[in-house]
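Structure below is target.cif: mmCIF, C-alpha atoms.
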data_input
loop_
_atom_site.label_atom_id
_atom_site.label_comp_id
_atom_site.auth_asym_id
_atom_site.auth_seq_id
_atom_site.Cartn_x
_atom_site.Cartn_y
_atom_site.Cartn_z
CA MET M 1 -29.51 -18.01 -29.49
CA LYS M 2 -31.10 -17.21 -32.78
CA GLN M 3 -33.65 -19.66 -34.17
CA PRO M 4 -31.52 -20.85 -37.12
CA ALA M 5 -28.71 -21.85 -34.72
CA VAL M 6 -31.17 -23.78 -32.55
CA ALA M 7 -32.57 -25.52 -35.64
CA ARG M 8 -29.06 -26.60 -36.71
CA LEU M 9 -28.40 -28.07 -33.25
CA GLU M 10 -31.75 -29.85 -33.15
CA ALA M 11 -31.18 -31.32 -36.62
CA GLY M 12 -27.71 -32.53 -35.65
CA GLU M 13 -26.12 -30.41 -38.37
CA SER M 14 -23.59 -28.90 -35.98
CA ASN M 15 -21.93 -29.79 -32.70
CA PRO M 16 -22.35 -27.30 -29.88
CA SER M 17 -19.33 -25.79 -28.18
CA TRP M 18 -18.91 -26.14 -24.44
CA GLU M 19 -19.95 -22.49 -24.13
CA THR M 20 -23.18 -23.20 -26.04
CA LEU M 21 -23.92 -26.20 -23.81
CA GLN M 22 -23.35 -23.99 -20.78
CA ARG M 23 -25.77 -21.35 -22.10
CA ILE M 24 -28.41 -23.98 -22.86
CA SER M 25 -27.91 -25.53 -19.42
CA ARG M 26 -28.45 -22.18 -17.69
CA ALA M 27 -31.48 -21.32 -19.82
CA LEU M 28 -33.17 -24.69 -19.19
CA GLY M 29 -32.11 -24.98 -15.56
CA VAL M 30 -30.48 -28.38 -16.10
CA GLU M 31 -27.04 -29.74 -15.37
CA PHE M 32 -25.15 -31.41 -18.21
CA LEU M 33 -22.91 -34.31 -17.23
CA VAL M 34 -20.29 -35.61 -19.62
CA ASP M 35 -18.71 -38.88 -18.54
CA ILE M 36 -15.81 -40.34 -20.52
CA SER M 37 -14.45 -43.61 -19.17
CA PRO M 38 -13.36 -47.07 -20.25
CA THR M 39 -16.31 -49.21 -21.36
CA LYS M 40 -18.13 -50.91 -18.45
CA ARG M 41 -16.23 -48.90 -15.85
CA ARG M 42 -18.14 -46.24 -13.93
CA SER M 43 -16.37 -43.02 -13.03
CA LEU M 44 -17.36 -40.68 -10.19
CA VAL M 45 -19.85 -39.05 -12.53
CA GLY M 46 -21.32 -42.52 -13.11
CA LYS M 47 -23.11 -42.35 -9.76
CA GLU M 48 -24.88 -39.20 -10.90
CA LEU M 49 -25.65 -40.88 -14.21
CA ASP M 50 -28.08 -43.24 -12.46
CA ARG M 51 -30.48 -40.32 -11.98
CA ALA M 52 -29.72 -38.54 -15.25
CA GLU M 53 -31.38 -38.67 -18.64
CA VAL M 54 -28.88 -40.03 -21.15
CA VAL M 55 -28.80 -37.80 -24.22
CA GLU M 56 -26.09 -39.64 -26.15
CA ARG M 57 -24.03 -42.79 -25.58
CA LEU M 58 -21.09 -43.63 -27.86
CA SER M 59 -18.61 -46.51 -27.65
CA SER M 60 -15.39 -46.66 -29.60
CA GLY M 61 -12.10 -48.42 -29.08
CA GLY M 62 -12.91 -49.59 -25.55
CA THR M 63 -14.02 -46.15 -24.39
CA GLU M 64 -17.59 -45.13 -23.66
CA ILE M 65 -18.71 -41.51 -23.92
CA VAL M 66 -21.97 -40.67 -22.18
CA VAL M 67 -23.69 -37.30 -22.38
CA ALA M 68 -26.54 -36.88 -19.91
CA ALA M 69 -28.67 -34.16 -18.35
CA THR M 70 -30.05 -34.04 -14.82
#
Structure re-expressed in structure tokens:
Amino acid sequence: MKQPAVARLEAGESNPSWETLQRISRALGVEFLVDISPTKRRSLVGKELDRAEVVERLSSGGTEIVVAAT
């Protein structure tokens, strides 16, 4: 990625595509987990979430979206 694109992601000025997340994951050697489930209900990914670093957690309309990296 070129530096201006990285700066836009870091500043929150743009949302990365799944392809961009995949490239970042490979480059950093981390696994990204995205868990979308009803609030207070853990999905199968939820077990992995216990050992992951939560990057973003959003709740809306009874649904919780968690983005984490392991």
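For the pair atom CA of Glu56 of chain M and atom CA of Ser14 of chain M, the interatomic distance is 14.8 Å.
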Note to self: Please expand the PyMOL selection byres ((chain M and resi 1) around 10) into the concrete residues it hits in this file, giving the result as a PyMOL selection string.
What the structure shows: chain M and resi 2-6+20+23-24
Take the residues that were just selected and, keeping C-alpha atoms, output them as an mmCIF file, in the coordinates of the input.
data_model
loop_
_atom_site.group_PDB
_atom_site.id
_atom_site.type_symbol
_atom_site.label_atom_id
_atom_site.label_comp_id
_atom_site.auth_asym_id
_atom_site.auth_seq_id
_atom_site.Cartn_x
_atom_site.Cartn_y
_atom_site.Cartn_z
ATOM 1 C CA LYS M 2 -31.100 -17.210 -32.780
ATOM 2 C CA GLN M 3 -33.650 -19.660 -34.170
ATOM 3 C CA PRO M 4 -31.520 -20.850 -37.120
ATOM 4 C CA ALA M 5 -28.710 -21.850 -34.720
ATOM 5 C CA VAL M 6 -31.170 -23.780 -32.550
ATOM 6 C CA THR M 20 -23.180 -23.200 -26.040
ATOM 7 C CA ARG M 23 -25.770 -21.350 -22.100
ATOM 8 C CA ILE M 24 -28.410 -23.980 -22.860
#
Note to self: As an exercise, work out the distance from atom CA of Phe32 of chain M to atom CA of Arg51 of chain M in Å and give it to one decimal place.
What the structure shows: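 Interatomic distance, atom CA of Phe32 of chain M to atom CA of Arg51 of chain M: 12.1 Å.
The space separating atom CA of Gly62 of chain M from atom CA of Glu13 of chain M comes to 26.6 Å.
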